[in-house]
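Working notes for the structure below.
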Amino acid sequence: MVLYSATGNAWMNPQAITLSFMPDGTSMAGHSSNLISTFNNDPYLAGRWEQAILQAAQTWAEQTNINFVVVSDNGTPMGGGNNQEGDPGFGDIRIGGYNFGTSTIAWSYQPPPVNNYSLAGDIEINTGVPFNIGSTYDMFTVAAHEIGHALGLGESSGPSSSIMYPVYTGTKYRLSPDDIAGIQSIYGGPRAYDVYGGTNNSMSTAANIDSLINPTSLTGLANNLDIAKPGQSEYFAVDVPAGVSGPMAVQVQSQGLSLLSPKVSVYQAGLLSALGLPLSLATASNPTQDGTTLDVTIPNAVAGQTYYIQVQGVNTTAIGTGNYALGVSFNPSVAPPVEASPIITYPNGTTLHSGGGSAQQGNAFSGQVGAPPNILGISPDTGFSSTDGITNVNRIKISGLAPAGETIAIYGNNTEFGTTTADANGNWTFDNTGVALPDETYNITATATDSAGNISAFSLPFGVTIDTRAMSTPAINGVVGEGQNGLDGSTGWGPNLVGTSTPILYGNATPFSQVTIDQGWMTLGTATADPSGHWNFTLPAGVLPTYFITDFTATATDAAGNTSGASSPLEVQYLPGFGGNASQTIGNLHLLDDSVLGTNADGSIMVTPTAKFRGTTTAFSEVAILEDGVVIGVAAANWAGQWSFNTPSLTQGRHLLTIAAVGSLGQLGATVGTLNLVVGSQADNGD
């Protein structure tokens with residue numbers, strides 16, 4: 001028995017149906033819209049009403065093959081545009097309002113062809129109605145009903161639980177089966193997966209996008225992607241192109257494509273946390289923004305290294321679905337490419353009539369199982385980001401959003417921590433400061449229970465890492481430019497001598513920690529330790545006084561905000577013009593036999609973590625040794641031009657080792673002598 005009513009009207013380009021909010025003062029058939037000021041001046045609705053309407057729209061998109069895109073509105077009088085769809089001045093579905101002075105809550109117009117001009121799909125909301133969120137009159141429920149009309153559905157003769165039931169019967173949190181069947185009869189469904197079919201849902205099945213990387217621009221774009229189901233993750237694998245050593249920029253774009261609120265995480269192949277879990281190098285999300293662009297950067301991408309990119313919705317509601325694009329750039333001067341918004345313009349046809357539908361007030365109440373709550377974060381969050389869920393405090397509070405008045409149960413790694421209640425604005429906080437949590441990574445989830453005892457599904461997990469461990473003290477191992485001309489700074493010349501005022505300090509610290517460089521009481525800047533714990537810092541001009549000895553120290557801060565003590569000071573003396581040969585000839589570069597464990601099929605060399613090297617260059621000059629583009633040491637040549645170097649301990653995985661000449665003033669020359677090294681076996685590196 002078909003209970004829904006499909007009117008036979010539908011948008012011609014469902015891939016991008018645009019939405020806009022009419023600015024106050026927009027003419028609406030003789031009335032002036034005051035929707036924005038009315039709702040913004042309501043202390044209960046301010047900051048929330050617009051989001052409720054967008055969630056209502058996306059509730060339909062979640063179930064079928066349409067996408068909504070929010071655009072600006074230039075205030076053209078309602079129905080006065082030149083296009084029935086894709087107008088550049090405002091949305092296909094325009095939302096405005098005024099005080100109707102009647103019992104009608106809202107009114108909307110059908111899409112083409114019944115309305116084949118710019119009035120199509122527009123929605124008028126009665127600003128004289130006392131709207132609420134989560135209670136009568138619920139903004140989400142009313143907006144979802146009117147957007148259903150704007151998409152081509154009529155009133156439903158089905159049960160009162162249907163969003164499209166013609167009378168307002170109470171708050172409804174989701175579409176009924178009748179609603180879903182109706183919208184899918186128009187636009188098809190369920191919502192289709194993208195070209196990967198949803199199979200790239202783990203690192204082991206990640207879709208490799210190497211073929212999309214342009215070898216000239218070193219950028220690539222994977223477009224027409226889709227999160228089709230709430231809670232779905234898509235994984236992509238990308239290998240850093242040959243010859244690249246530097247930042248990798250990753251961009252996830254739903255802006256202009258859908259209302260998806262995405263979350264992106266980047267992982268390095270084979271890199272695990274202390275708990276044996278994949279270690280995220282970077283994560284970005286914006287729970288309050290629907291249709292957005294997220295950017296993350298991996299500062300030290302190395303040729304041949306594999307990275308995994310995980311894209312998912314920020315939560316398991318409808319906002320966690322939609323079209324998106326994934327851009328990657330290994331070129332620091334070129335941003336990742338973006339996908340053009342697929343908006344198509346259809347000019348006005350011959351005006352027919354204004355077919356629409358309205359929702360009338362009613363008194364009955366229909367209880368529904370609510371949507372999962374949303375976990376926003378913890379406090380205190382002492383990590384590098386205020387929303388990354390990393391803290392050095394083991395007594396925390398957890399907060400989020402849910403329908404007003406519902407009981408929220410919080411779980412950590414599937415163990416219930418306790419319950420709390422959402423306030424009148426839907427905000428909730430669970431105070432767990434009475435329990436000291438052990439150092440561990442927790443998957444925090446939550447459910448919401450309404451007044452009728454209905455329990456929602458679990459929220460999307462929110463990762464929380466408790467790390468109260470003391471930080472190891474970093475070390476400043478040296479400065480590039482020291483000991484040139486065969487002169488050892490420790491014998492006769494005092495401290496480390498440099499001929500440039502901006503030399504490079506190098507050292508080691510806890511991997512991925514942030515290293516702060518101080519000169520006495522003054523902080524000069526920070527550097528980030530790479531996966532092997534190596535870091536570099538170029539001294540700013542003007543901090544090294546001529547001829548005088550200057551001390552530098554370093555402290556390290558981990559991702560949880562734990563800070564180490566200061567390193568032993570390194571003394572540096574700047575003597576203008578001090579240095580070795582202006583030009584060098586770098587000769588052979590060899591690994592000592594006891595460092596080599598074997599050779600892989602791809603030409604990479606398996607080595608011990610403390611590999612030993614030797615080579616030749618110009619007599620009494622210096623070479624700098626770089627691992628994955630970071631200076632890890634300097635070697636001075638003897639009278640015969642011979643030098644040797646033992647690497648600090650290298651982490652398991654791939655490494656690119658190069659050497660560079662050190663110029664007459666301590667500057668680095670071009671890198672030469674590239675060696676592709678693997679610490680451990682090929683199997684350890686995802687190959």
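We name chains A, B, ... following the order of the structure tokens; residues begin at 1 in each chain, and ligands are numbered from 1 as shown.
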Note to self: Excluding segment 307-314 of chain A and its own-chain neighbours fewer than 5 positions away, which residues fall within 9 Å of it when counting only C-alpha atoms? Please give them as a VMD selection string.
What the structure shows: chain A and resid 201 to 203 206 227 230 to 240 250 252 260 to 269 285 to 287 301 319 to 322 326 460
Margin query: Using only C-alpha atoms, which protein or nucleic acid residues come within 8 Å of Gln63 of chain A? Drop anything in the same chain fewer than 6 positions from it, and give the result as a list in words.
Written below: Ile180, Ile183, Gln184, Gly189, Pro190 and Arg191 of chain A
Okay, now the selection with C-alpha atoms, as a CSV table (one decimal), in the first residue's frame?
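As a result, selection.csv now contains:
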```csv
chain,number,residue,atom,x,y,z
A,180,ILE,CA,12.0,7.2,2.7
A,183,ILE,CA,11.8,10.3,-1.8
A,184,GLN,CA,13.5,7.3,-3.3
A,189,GLY,CA,17.9,5.1,-3.7
A,190,PRO,CA,19.2,4.1,-1.3
A,191,ARG,CA,22.0,6.6,-1.7
```
Next item on the list: Find the distance between atom CA of Tyr196 of chain A and atom CA of Asn331 of chain A and write it in Å to one decimal.
Entry: 26.8 Å
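Between atom CA of Thr516 of chain A and atom CA of Thr557 of chain A the interatomic distance comes to 8.0 Å.
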Check: Among segment 99-245 of chain A, which ones does DSSP place in strand (DSSP E or B), written as a VMD selection string?
Finding: chain A and resid 104 to 109 123 to 126 132 138 153 167 207 to 208 213 219 to 227 233 to 239 245
Margin query: Using only C-alpha atoms, can you tell me which of A:Gly418, A:Gly377, A:Gly243, A:Pro215 comes closest to Leu656 of chain A?
Written below: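 Using only C-alpha atoms, Leu656 of chain A sits closest to A:Gly243.
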Check: How would you write, as a list in words, the set of residues in segment 176-242 of chain A that DSSP gives as helix (DSSP H, G or I)?
Finding: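 The helix (DSSP H, G or I) subset of segment 176-242 of chain A is Pro177, Asp178, Asp179, Ile180, Ala181, Gly182, Ile183, Gln184, Ser185, Ile186, Tyr187, Met203, Ser204, Thr205, Asp210, Ser211 and Leu212 of chain A.
Using only C-alpha atoms, the nearest neighbour of Val679 of chain A within the list A:Pro372, A:Gly246, A:Gly641, A:Gly270 is A:Gly270.
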Next item on the list: Can you pull out every residue within 8 Å of Val623 of chain A, counting only C-alpha atoms, but drop anything in the same chain fewer than 4 positions away, and send it as a PyMOL selection string?
Entry: chain A and resi 617+634-637+659-662
Margin query: Env of Pro337 of chain A: 8 Å cut, atoms = only C-alpha atoms, seq-sep filter 2 positions within chain, self excluded. Answer as a PyMOL selection string.
Written below: chain A and resi 219-221+327-329+335+339
Item checked: Minimum-distance residue to Ile410 of chain A, chosen among A:Thr553, A:Thr449, A:Ser211, A:Thr297 (using only C-alpha atoms) -> A:Thr449
Kindly assemble as a tab-separated table a list of the segment 408-460 of chain A residues that lie within 6 Å of segment 378-400 of chain A, each paired with its nearest atom pair and their distance in Å to one decimal, using only C-alpha atoms, sorted first by chain and then by ascending residue number.
```
residue	atom	partner	partner_atom	distance
A:Trp428	CA	A:Gly400	CA	5.5
A:Thr429	CA	A:Ser399	CA	4.2
A:Phe430	CA	A:Ile398	CA	5.1
A:Asp431	CA	A:Lys397	CA	4.6
A:Asn432	CA	A:Lys397	CA	5.4
A:Thr433	CA	A:Arg395	CA	4.2
A:Ala436	CA	A:Arg395	CA	5.1
A:Leu437	CA	A:Asn394	CA	5.0
```
Check: Any idea what the distance is between atom CA of Ala422 of chain A and atom CA of Leu376 of chain A?
Finding: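 That distance, rounded to one decimal, is 13.3 Å.
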Note to self: Taking only C-alpha atoms into account, name the residue in A:Thr169, A:Ser162, A:Thr38, A:Gln84 that is nearest to Ile125 of chain A.
What the structure shows: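 With only C-alpha atoms as the atom set, the closest residue is A:Thr38.
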Note to self: List the spatial neighbours of Thr526 of chain A as a PyMOL selection string - criterion: any atom at most 9 Å away, only C-alpha atoms, same-chain residues fewer than 6 positions off excluded.
What the structure shows: chain A and resi 514-517+537
Would you put the residues from that selection into a file with C-alpha atoms, as a CSV table (one decimal), in the first residue's frame?
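File part.csv, as written:
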```csv
chain,number,residue,atom,x,y,z
A,514,GLN,CA,57.4,20.2,19.4
A,515,VAL,CA,60.9,21.5,20.2
A,516,THR,CA,61.2,25.0,21.5
A,517,ILE,CA,64.6,26.8,21.1
A,537,PHE,CA,66.1,24.9,13.5
```
Note to self: Need the shell around Ile408 of chain A: protein/DNA/RNA residues with any atom at most 6 Å away, counting only C-alpha atoms. Skip same-chain ones fewer than 2 positions apart. Format as a list of chain:residue names?
What the structure shows: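 Those residues are A:Thr419, A:Thr420, A:Thr421, A:Thr447, A:Ala448.
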Notebook entry, point to check: Do you know which residues are at most 6 Å from Gly507 of chain A counting only C-alpha atoms, after dropping those on the same chain fewer than 2 positions away, and could you put them as a PyMOL selection string?
Noted result: chain A and resi 475-477+534-535
Using only C-alpha atoms, please write the residues we just selected to a file, as a compact mmCIF listing (two decimals), in the first residue's frame.
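This is the output file again.txt:
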```txt
# COMPACT_ATOMS: atom_id res chain seq x y z
CA ALA A 475 69.41 17.41 22.93
CA ILE A 476 71.03 19.99 20.70
CA ASN A 477 73.65 17.88 18.97
CA HIS A 534 65.42 14.38 14.57
CA TRP A 535 64.80 18.12 14.30
```
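Nearest to Gly91 of chain A of all the residues A:Thr316, A:Ser20, A:Thr618, A:Ser649 is A:Ser20, based on only C-alpha atoms.
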